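Data from my_file-v2.cif: mmCIF, C-alpha atoms
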```
data_run
loop_
_atom_site.label_atom_id
_atom_site.label_comp_id
_atom_site.auth_asym_id
_atom_site.auth_seq_id
_atom_site.Cartn_x
_atom_site.Cartn_y
_atom_site.Cartn_z
CA MET A 523 131.72 114.19 30.40
CA ASN A 524 131.68 110.41 29.87
CA LYS A 525 134.29 109.82 32.52
CA LYS A 526 132.36 111.92 35.03
CA GLY A 527 129.19 109.90 34.35
CA GLN A 528 131.07 106.64 34.83
CA GLU A 529 132.55 107.85 38.11
CA GLU A 530 129.07 108.75 39.32
CA ILE A 531 127.79 105.30 38.42
CA ILE A 532 130.69 103.62 40.20
CA GLY A 533 130.05 105.77 43.28
CA PHE A 534 126.38 104.91 43.24
CA VAL A 535 127.09 101.19 42.79
CA VAL A 536 129.51 101.31 45.74
CA ILE A 537 126.83 102.92 47.91
CA ILE A 538 124.27 100.30 46.81
CA VAL A 539 126.70 97.48 47.61
CA ILE A 540 127.42 98.90 51.09
CA VAL A 541 123.69 99.34 51.81
CA ALA A 542 123.02 95.82 50.50
CA ILE A 543 125.70 94.28 52.72
CA ALA A 544 124.36 96.17 55.77
CA MET A 545 120.84 94.99 55.05
CA VAL A 546 121.89 91.38 54.48
CA VAL A 547 123.75 91.40 57.81
CA LEU A 548 120.68 92.83 59.59
CA LEU A 549 118.42 90.31 57.86
CA TRP A 550 120.71 87.49 58.93
CA PHE A 551 120.44 88.67 62.53
CA LEU A 552 116.66 88.95 62.27
CA ILE A 553 116.24 85.49 60.78
CA ASN A 554 118.62 83.85 63.21
CA SER A 555 117.29 85.52 66.35
CA PRO A 556 115.59 82.90 68.53
CA SER A 557 111.89 83.20 67.76
CA GLU A 558 110.79 81.05 70.66
CA ASN A 559 112.26 80.30 74.02
CA THR A 560 112.85 76.79 75.18
CA VAL A 561 111.70 77.63 78.68
CA GLU A 562 108.83 79.89 79.64
CA ASP A 563 108.10 81.84 82.81
CA PHE A 564 104.75 80.14 83.34
CA GLU A 565 106.45 76.73 83.23
CA VAL A 566 108.89 77.74 85.96
CA GLU A 567 106.04 79.25 87.98
CA SER A 568 103.88 76.14 87.76
CA PHE A 569 106.92 74.00 88.50
CA ILE A 570 107.58 75.81 91.79
CA GLN A 571 103.90 75.67 92.67
CA THR A 572 103.62 71.92 92.06
CA ALA A 573 107.02 71.09 93.54
CA LEU A 574 105.96 72.74 96.81
CA GLN A 575 102.88 70.49 96.85
CA TYR A 576 104.92 67.29 96.39
CA THR A 577 104.37 64.81 99.23
CA THR A 578 107.70 63.71 100.70
CA ASP A 579 108.47 60.57 102.67
CA CYS A 580 109.17 62.64 105.78
CA GLU A 581 106.40 61.98 108.26
CA ASP A 582 105.48 63.85 111.41
CA PHE A 583 102.93 62.69 113.98
CA VAL A 584 100.03 63.80 111.80
CA GLU A 585 100.88 63.35 108.13
CA PHE A 586 103.51 63.04 105.42
CA LEU A 587 104.94 66.49 104.83
CA SER A 588 104.79 68.36 101.56
CA VAL A 589 107.93 70.16 100.33
CA GLN A 590 106.40 73.43 101.56
CA ASP A 591 105.88 71.94 105.06
CA LEU A 592 109.39 70.50 104.92
CA ILE A 593 110.87 73.96 104.28
CA ILE A 594 109.10 75.22 107.39
CA SER A 595 110.14 72.14 109.33
CA CYS A 596 113.76 72.64 108.22
CA GLU A 597 113.68 76.25 109.38
CA GLU A 598 112.44 75.08 112.78
CA ASN A 599 115.17 72.37 112.88
CA ASP A 600 112.58 69.62 113.24
CA LYS A 601 113.13 65.97 112.47
CA CYS A 602 111.07 63.40 110.61
CA LEU A 603 109.45 60.59 112.56
CA ASP A 604 112.30 58.26 111.49
CA GLU A 605 114.85 60.69 113.01
CA ARG A 606 116.16 62.04 109.68
CA SER A 607 116.85 65.75 109.65
CA SER A 608 114.17 67.60 107.71
CA CYS A 609 116.84 69.79 106.08
CA VAL A 610 118.69 66.74 104.74
CA VAL A 611 115.45 65.28 103.34
CA LEU A 612 114.52 68.67 101.86
CA ASN A 613 117.87 69.00 100.11
CA GLU A 614 117.71 65.49 98.74
CA ILE A 615 114.09 65.73 97.53
CA LEU A 616 114.47 69.18 95.97
CA THR A 617 117.62 68.16 94.10
CA ASN A 618 115.88 65.04 92.78
CA ILE A 619 112.76 66.95 91.76
CA ILE A 620 114.67 69.67 89.91
CA GLU A 621 117.07 67.29 88.20
CA ASN A 622 114.24 65.05 87.03
CA SER A 623 112.25 68.01 85.72
CA TRP A 624 114.99 70.11 84.11
CA LYS A 625 117.68 67.97 82.50
CA VAL A 626 120.81 70.10 82.67
CA GLY A 627 123.54 69.45 80.11
CA GLU A 628 125.55 70.84 77.23
CA GLU A 629 123.33 69.11 74.68
CA SER A 630 120.15 69.86 76.57
CA ALA A 631 118.06 73.02 76.10
CA VAL A 632 118.54 73.75 79.80
CA LYS A 633 122.10 74.81 80.63
CA GLY A 634 121.70 75.35 84.34
CA TYR A 635 119.43 76.17 87.27
CA LYS A 636 119.61 78.16 90.48
CA MET A 637 117.12 77.70 93.28
CA LYS A 638 117.07 79.86 96.38
CA ILE A 639 114.98 79.64 99.51
CA PHE A 640 114.64 82.79 101.58
CA VAL A 641 113.29 83.00 105.12
CA ASP A 642 112.33 86.53 106.14
CA ASP A 643 114.44 87.81 103.21
CA LEU A 644 117.52 85.91 104.41
CA GLU A 645 118.96 83.41 101.95
CA LYS A 646 118.83 80.00 103.66
CA ILE A 647 119.26 77.40 100.95
CA THR A 648 120.89 77.71 97.52
CA MET A 649 121.07 74.96 94.94
CA GLU A 650 122.64 75.40 91.56
CA LYS A 651 123.99 73.35 88.71
CA GLY A 652 125.45 74.01 85.27
CA ASN A 653 126.08 77.37 83.66
CA VAL A 654 124.25 80.01 85.71
CA THR A 655 126.21 82.99 84.42
CA THR A 656 124.37 83.50 81.13
CA ALA A 657 121.81 86.28 80.78
CA ASN A 658 119.35 83.91 79.09
CA TYR A 659 117.13 82.66 81.83
CA LYS A 660 113.52 82.41 82.89
CA GLY A 661 112.61 82.71 86.50
CA ALA A 662 109.74 82.80 88.94
CA PHE A 663 109.15 82.80 92.66
CA GLN A 664 106.51 81.70 95.10
CA ASP A 665 106.06 83.01 98.61
CA PHE A 666 104.09 81.85 101.59
CA ALA A 667 103.90 82.64 105.28
CA ARG A 668 103.56 80.54 108.40
CA ALA A 669 103.40 81.75 112.00
CA GLY A 670 104.61 85.25 111.14
CA THR A 671 107.58 84.05 109.09
CA ASP A 672 107.80 84.77 105.37
CA TYR A 673 109.21 82.16 103.05
CA LYS A 674 110.18 82.70 99.42
CA VAL A 675 111.26 80.10 96.89
CA SER A 676 112.82 81.37 93.67
CA LEU A 677 114.02 79.42 90.67
CA ASN A 678 115.92 80.52 87.58
CA ILE A 679 116.30 78.19 84.63
CA TYR A 680 119.19 79.09 82.31
CA TYR A 681 119.07 78.12 78.64
CA MET B 1209 127.15 110.88 13.40
CA VAL B 1210 129.03 107.85 14.69
CA ILE B 1211 130.34 109.79 17.66
CA LYS B 1212 126.85 111.03 18.54
CA ASN B 1213 125.49 107.46 18.39
CA LYS B 1214 128.17 106.21 20.80
CA LYS B 1215 127.41 109.02 23.22
CA ALA B 1216 123.70 108.21 23.14
CA GLN B 1217 124.42 104.54 23.74
CA MET B 1218 126.57 105.43 26.72
CA LYS B 1219 123.79 107.61 28.12
CA ILE B 1220 121.29 104.77 27.71
CA GLN B 1221 123.69 102.40 29.47
CA GLN B 1222 124.12 104.87 32.31
CA MET B 1223 120.37 105.19 32.63
CA MET B 1224 119.95 101.40 32.64
CA PHE B 1225 122.55 101.02 35.35
CA MET B 1226 120.86 103.66 37.43
CA LEU B 1227 117.42 102.11 36.97
CA LEU B 1228 118.71 98.64 37.84
CA ALA B 1229 120.51 99.92 40.90
CA VAL B 1230 117.50 101.89 42.11
CA THR B 1231 115.20 98.88 41.56
CA PHE B 1232 117.65 96.65 43.45
CA LEU B 1233 117.74 99.12 46.31
CA PHE B 1234 113.95 99.32 46.52
CA ILE B 1235 113.68 95.51 46.44
CA LEU B 1236 116.22 95.26 49.26
CA VAL B 1237 114.40 97.83 51.36
CA GLY B 1238 111.12 95.99 50.71
CA VAL B 1239 112.57 92.62 51.70
CA PHE B 1240 114.07 94.18 54.82
CA PHE B 1241 110.76 95.63 56.01
CA LEU B 1242 108.95 92.41 55.10
CA ALA B 1243 111.41 90.45 57.23
CA ILE B 1244 110.84 92.80 60.18
CA LYS B 1245 107.07 92.48 59.75
CA LEU B 1246 107.26 88.68 59.45
CA SER B 1247 109.48 88.43 62.49
CA THR B 1248 106.97 90.44 64.59
CA LEU B 1249 104.15 88.32 63.22
CA LYS B 1250 106.05 85.15 64.11
CA GLN B 1251 106.61 86.43 67.64
CA SER B 1252 102.93 87.25 68.16
CA ALA B 1253 101.90 83.90 66.68
CA THR B 1254 104.27 82.09 69.05
CA SER B 1255 103.07 84.04 72.07
CA LEU B 1256 99.42 83.45 71.08
CA GLU B 1257 100.11 79.75 70.64
CA GLU B 1258 101.81 79.63 74.05
CA LYS B 1259 98.89 81.43 75.66
CA ASN B 1260 96.42 79.06 74.03
CA ALA B 1261 98.41 76.02 75.08
CA MET B 1262 98.74 77.30 78.62
CA LEU B 1263 95.03 78.10 78.78
CA LEU B 1264 94.12 74.70 77.36
CA VAL B 1265 96.33 72.85 79.84
CA SER B 1266 95.04 74.99 82.73
CA LYS B 1267 91.46 74.50 81.55
CA LEU B 1268 91.93 70.74 81.42
CA ALA B 1269 93.64 70.60 84.81
CA SER B 1270 90.80 72.55 86.39
CA SER B 1271 87.94 70.77 84.62
CA PRO B 1272 85.76 68.61 86.92
CA GLU B 1273 86.87 65.46 85.08
CA PHE B 1274 90.52 66.02 86.06
CA SER B 1275 90.62 68.43 88.98
CA CYS B 1276 91.14 67.42 92.61
CA GLU B 1277 88.48 69.98 93.68
CA ASN B 1278 88.96 70.10 97.46
CA ALA B 1279 89.62 66.41 97.99
CA PHE B 1280 93.26 67.12 98.80
CA GLY B 1281 92.91 70.57 100.36
CA ALA B 1282 93.40 73.78 98.39
CA LYS B 1283 95.98 72.85 95.78
CA ALA B 1284 96.82 74.63 92.56
CA SER B 1285 97.15 72.74 89.25
CA CYS B 1286 96.05 69.55 90.97
CA VAL B 1287 94.86 66.52 88.99
CA ASP B 1288 93.14 63.57 90.66
CA PHE B 1289 94.93 60.36 89.69
CA ASP B 1290 91.86 58.21 90.47
CA LYS B 1291 89.67 60.31 88.18
CA VAL B 1292 92.22 60.15 85.38
CA ILE B 1293 92.43 56.36 85.53
CA ALA B 1294 88.64 56.10 85.49
CA LEU B 1295 88.42 58.60 82.64
CA LYS B 1296 90.93 56.67 80.58
CA GLU B 1297 88.47 53.78 80.29
CA MET B 1298 85.56 55.97 79.14
CA LYS B 1299 85.36 55.99 75.37
CA GLU B 1300 82.37 58.41 75.45
CA TYR B 1301 84.83 61.23 76.14
CA SER B 1302 86.90 60.65 73.00
CA ASP B 1303 85.50 63.69 71.15
CA PHE B 1304 84.74 65.79 74.21
CA TRP B 1305 88.04 67.59 74.59
CA GLY B 1306 88.56 68.72 71.02
CA VAL B 1307 92.23 67.75 71.09
CA ALA B 1308 94.21 64.95 69.49
CA GLU B 1309 95.97 63.55 72.55
CA ILE B 1310 96.05 63.95 76.32
CA GLU B 1311 98.83 62.33 78.29
CA ILE B 1312 100.02 62.59 81.87
CA ARG B 1313 103.63 61.67 82.62
CA LYS B 1314 104.99 61.38 86.15
CA ILE B 1315 108.29 63.20 86.51
CA PHE B 1316 109.17 62.44 90.07
CA PRO B 1317 109.23 59.61 90.88
CA ALA B 1318 109.74 58.81 87.19
CA SER B 1319 108.55 55.61 85.57
CA ASN B 1320 108.15 54.54 81.95
CA GLU B 1321 105.43 52.03 82.70
CA ILE B 1322 102.09 52.76 81.02
CA CYS B 1323 99.24 52.88 83.52
CA THR B 1324 96.47 50.31 83.40
CA SER B 1325 93.88 49.46 86.04
CA GLN B 1326 96.09 46.47 86.95
CA ASN B 1327 99.35 48.31 87.72
CA TYR B 1328 97.81 51.56 89.07
CA PRO B 1329 99.27 53.51 90.93
CA ASN B 1330 102.74 52.02 90.38
CA CYS B 1331 103.15 53.37 86.87
CA GLY B 1332 104.32 56.55 85.18
CA ILE B 1333 102.44 57.28 81.95
CA VAL B 1334 98.70 57.71 81.57
CA LYS B 1335 97.47 57.96 78.01
CA VAL B 1336 94.14 59.55 78.86
CA PHE B 1337 93.05 60.02 75.30
CA GLU B 1338 94.69 59.17 72.03
CA SER B 1339 93.11 59.81 68.64
CA LYS B 1340 94.27 58.44 65.33
CA LYS B 1341 94.36 61.96 63.88
CA ASN B 1342 97.61 63.81 63.20
CA ALA B 1343 98.78 65.38 66.44
CA LEU B 1344 100.91 68.50 66.79
CA PRO B 1345 103.82 68.51 69.28
CA PRO B 1346 102.30 68.65 72.78
CA SER B 1347 101.87 71.71 75.00
CA THR B 1348 102.94 70.86 78.51
CA ASN B 1349 102.58 72.16 82.00
CA PHE B 1350 103.49 70.89 85.44
CA ILE B 1351 100.73 69.47 87.62
CA SER B 1352 100.38 67.81 91.01
CA LEU B 1353 99.07 64.29 90.49
CA CYS B 1354 97.32 63.42 93.74
CA ARG B 1355 95.68 60.33 95.16
CA LYS B 1356 94.72 58.89 98.52
CA GLU B 1357 97.32 56.49 99.88
CA VAL B 1358 97.26 54.17 102.87
CA SER B 1359 100.30 53.80 105.12
CA GLU B 1360 100.68 51.63 108.21
CA ARG B 1361 99.16 54.32 110.42
CA ILE B 1362 97.15 56.72 108.32
CA ILE B 1363 95.31 57.45 105.11
CA TYR B 1364 97.02 60.45 103.56
CA ASP B 1365 97.15 62.58 100.41
CA LYS B 1366 100.01 61.62 98.12
CA CYS B 1367 100.86 64.24 95.52
CA GLU B 1368 103.52 63.62 92.90
CA LEU B 1369 105.01 65.83 90.24
CA ALA B 1370 103.78 65.22 86.70
CA LEU B 1371 103.49 66.82 83.29
CA LEU B 1372 100.15 67.26 81.58
CA MET B 1373 100.72 67.02 77.83
CA VAL B 1374 98.03 68.11 75.38
CA SER B 1375 98.42 67.77 71.62
CA SER B 1376 96.14 69.66 69.29
CA GLU B 1377 95.00 68.30 65.96
CA GLU B 1378 96.94 69.29 62.88
CA LYS B 1379 94.69 71.39 60.65
CA GLY B 1380 94.41 70.85 56.90
#
```
Here is the file; what I need is its structure written in the form of structure tokens.
Amino acid sequence: MNKKGQEEIIGFVVIIVIVAIAMVVLLWFLINSPSENTVEDFEVESFIQTALQYTTDCEDFVEFLSVQDLIISCEENDKCLDERSSCVVLNEILTNIIENSWKVGEESAVKGYKMKIFVDDLEKITMEKGNVTTANYKGAFQDFARAGTDYKVSLNIYY
Amino acid sequence: MVIKNKKAQMKIQQMMFMLLAVTFLFILVGVFFLAIKLSTLKQSATSLEEKNAMLLVSKLASSPEFSCENAFGAKASCVDFDKVIALKEMKEYSDFWGVAEIEIRKIFPASNEICTSQNYPNCGIVKVFESKKNALPPSTNFISLCRKEVSERIIYDKCELALLMVSSEEKG
């Protein structure tokens, strides 16, 4: 009778220990899950919006072109007033803007970025740096149209 | 008599073990659900904080004291650099915003020089408002910092990329 009671207690204790371990593991996961993201969608969205409004040093006969105008100018193979190719200027400016805004590195919160520019749904320009294979990313896109052509700029920031 | 006593003691021990184990189990279950609840609460607090910060930054960027209005065409999240520099000198606005600090930092082209009326616009950091109160870490958002610029041929709109940083006051 005594032995049976002891066996029952041991069985119960074993069950309790197993349940306790399972709960501690789950708790550990809950506590260690990232509660806040380092990058937010709205940040990426406002970044694209403001980057497109940036005034470049590429001038046409009327004004200095914004990045948005430069994308259109690049698509039309136009040149700046100083004979530089608008695509070259666009590449250079966009790279500088992104790399100054999102510091990519192993010790940084941002591990990589991927920017794509589509013209009428065809991928025209792709820029990427760092680790862009992780599933942790925030992204946004902005589209605009000019003279019947649709342009889309998308950016993913990997963290 | 002795044997009966021992048996009773054993029974009491068994009961104690059971009670302890059951209590431990209930405590564990309680802690587990509390952790889940707290985690959800933390998530909603974070998202609320983010929303507030975003709203505050957007509100500031679109307020008449900062906004470009239509001076540079229809631009989103546009802040007028001239207005900001003028605003920086106005001490009357120190309690107007209800925040601890407002700072604008040019990202591209970057510069660590603090803006004054002497070095404007060749500078990178505008401390629009700075209180002596304890400030929380800033909420930030990207803005276009625009001004009128004169080149050899034309007067044009020059918009640069900047971060608007707003720090709230620490409560308590």
Which one is closest to chain A: B:Ala1318, B:Leu1227, B:Ala1294, B:Ala1343? Count only C-alpha atoms.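 Among the listed residues, the smallest separation from chain A belongs to B:Ala1318.
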Give me, as a ChimeraX atom specification, the contact residues of chain A against chain B at a cut-off of 8 Å, counting all atoms listed in the file. /A:524,527-528,531,535,538,542,545,549,552-553,557-558,565,568-569,571-573,575-577,585-586,618-619,622-623
Output the residue selection produced by the PyMOL selection byres ((chain B and resi 1329) around 10) on the file above, formatted as a list of chain:residue names.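 Taken on the displayed file, the PyMOL selection byres ((chain B and resi 1329) around 10) yields the residues B:Phe1289, B:Asp1290, B:Ile1293, B:Cys1323, B:Thr1324, B:Ser1325, B:Gln1326, B:Asn1327, B:Tyr1328, B:Asn1330, B:Cys1331, B:Gly1332, B:Arg1355, B:Glu1357.
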Out of B:Leu1256, B:Leu1372, B:Leu1264, B:Met1298, which residue has the shortest atom-to-atom distance to B:Arg1313 when counting all atoms listed in the file?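 For B:Arg1313, the nearest of the given residues is B:Leu1372.
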Distance in Å - atom CA of B:Ser1347 versus atom CA of B:Ser1376: 8.3 Å
Do you know which residues are at most 12 Å from A:Phe583 counting only C-alpha atoms, after dropping those on the same chain fewer than 5 positions away, and could you put them as a PDB file with C-alpha atoms, keeping the file's coordinate frame?
```pdb
ATOM      1  CA  ASP A 600     112.580  69.620 113.240  1.00  0.00           C
ATOM      2  CA  LYS A 601     113.130  65.970 112.470  1.00  0.00           C
ATOM      3  CA  CYS A 602     111.070  63.400 110.610  1.00  0.00           C
ATOM      4  CA  LEU A 603     109.450  60.590 112.560  1.00  0.00           C
ATOM      5  CA  ASP A 604     112.300  58.260 111.490  1.00  0.00           C
TER       6      ASP A 604
ATOM      7  CA  ARG B1361      99.160  54.320 110.420  1.00  0.00           C
ATOM      8  CA  ILE B1362      97.150  56.720 108.320  1.00  0.00           C
TER       9      ILE B1362
END
```
Between atom CA of A:Gly661 and atom CA of B:Met1373, what is the distance, to one decimal in Å?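 Calculated distance between atom CA of A:Gly661 and atom CA of B:Met1373 is 21.5 Å.
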One number please: atom CA of B:Ser1302 to atom CA of A:Phe564, in Å, one decimal.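 We find that atom CA of B:Ser1302 and atom CA of A:Phe564 lie 28.4 Å from each other.
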List the residues matched by the PyMOL selection byres ((chain A and resi 664-681) around 8) in the displayed structure as a compact mmCIF listing (two decimals) with C-alpha atoms, keeping the file's coordinate frame, ordered by chain and then by residue number.
```
# COMPACT_ATOMS: atom_id res chain seq x y z
CA THR A 560 112.85 76.79 75.18
CA VAL A 561 111.70 77.63 78.68
CA VAL A 566 108.89 77.74 85.96
CA GLU A 567 106.04 79.25 87.98
CA ILE A 570 107.58 75.81 91.79
CA GLN A 571 103.90 75.67 92.67
CA ILE A 594 109.10 75.22 107.39
CA ALA A 631 118.06 73.02 76.10
CA VAL A 632 118.54 73.75 79.80
CA LYS A 633 122.10 74.81 80.63
CA GLY A 634 121.70 75.35 84.34
CA TYR A 635 119.43 76.17 87.27
CA LYS A 636 119.61 78.16 90.48
CA MET A 637 117.12 77.70 93.28
CA LYS A 638 117.07 79.86 96.38
CA ILE A 639 114.98 79.64 99.51
CA PHE A 640 114.64 82.79 101.58
CA VAL A 641 113.29 83.00 105.12
CA ASP A 642 112.33 86.53 106.14
CA ASP A 643 114.44 87.81 103.21
CA ASN A 653 126.08 77.37 83.66
CA VAL A 654 124.25 80.01 85.71
CA THR A 656 124.37 83.50 81.13
CA ALA A 657 121.81 86.28 80.78
CA ASN A 658 119.35 83.91 79.09
CA TYR A 659 117.13 82.66 81.83
CA LYS A 660 113.52 82.41 82.89
CA GLY A 661 112.61 82.71 86.50
CA ALA A 662 109.74 82.80 88.94
CA PHE A 663 109.15 82.80 92.66
```
Please write as a PyMOL selection string the list of polymer residues whose atoms come within 9 Å of (98.4, 66.7, 72.6), counting only C-alpha atoms and keeping to the coordinates of the file. chain B and resi 1307-1311+1337-1338+1343-1348+1373-1377
Would you mind exporting C-alpha atoms of the selected residues as a tab-separated table (two decimals), in the frame of the given file?
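This went into result_14.tsv:
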```
chain	number	residue	atom	x	y	z
B	1307	VAL	CA	92.23	67.75	71.09
B	1308	ALA	CA	94.21	64.95	69.49
B	1309	GLU	CA	95.97	63.55	72.55
B	1310	ILE	CA	96.05	63.95	76.32
B	1311	GLU	CA	98.83	62.33	78.29
B	1337	PHE	CA	93.05	60.02	75.30
B	1338	GLU	CA	94.69	59.17	72.03
B	1343	ALA	CA	98.78	65.38	66.44
B	1344	LEU	CA	100.91	68.50	66.79
B	1345	PRO	CA	103.82	68.51	69.28
B	1346	PRO	CA	102.30	68.65	72.78
B	1347	SER	CA	101.87	71.71	75.00
B	1348	THR	CA	102.94	70.86	78.51
B	1373	MET	CA	100.72	67.02	77.83
B	1374	VAL	CA	98.03	68.11	75.38
B	1375	SER	CA	98.42	67.77	71.62
B	1376	SER	CA	96.14	69.66	69.29
B	1377	GLU	CA	95.00	68.30	65.96
```
Decode the PyMOL selection byres ((chain A and resi 589) around 6) for the given file into explicit residues and return them as a PDB file with C-alpha atoms, keeping the file's coordinate frame.
```pdb
ATOM      1  CA  LEU A 574     105.960  72.740  96.810  1.00  0.00           C
ATOM      2  CA  TYR A 576     104.920  67.290  96.390  1.00  0.00           C
ATOM      3  CA  SER A 588     104.790  68.360 101.560  1.00  0.00           C
ATOM      4  CA  GLN A 590     106.400  73.430 101.560  1.00  0.00           C
ATOM      5  CA  ASP A 591     105.880  71.940 105.060  1.00  0.00           C
ATOM      6  CA  LEU A 592     109.390  70.500 104.920  1.00  0.00           C
TER       7      LEU A 592
END
```
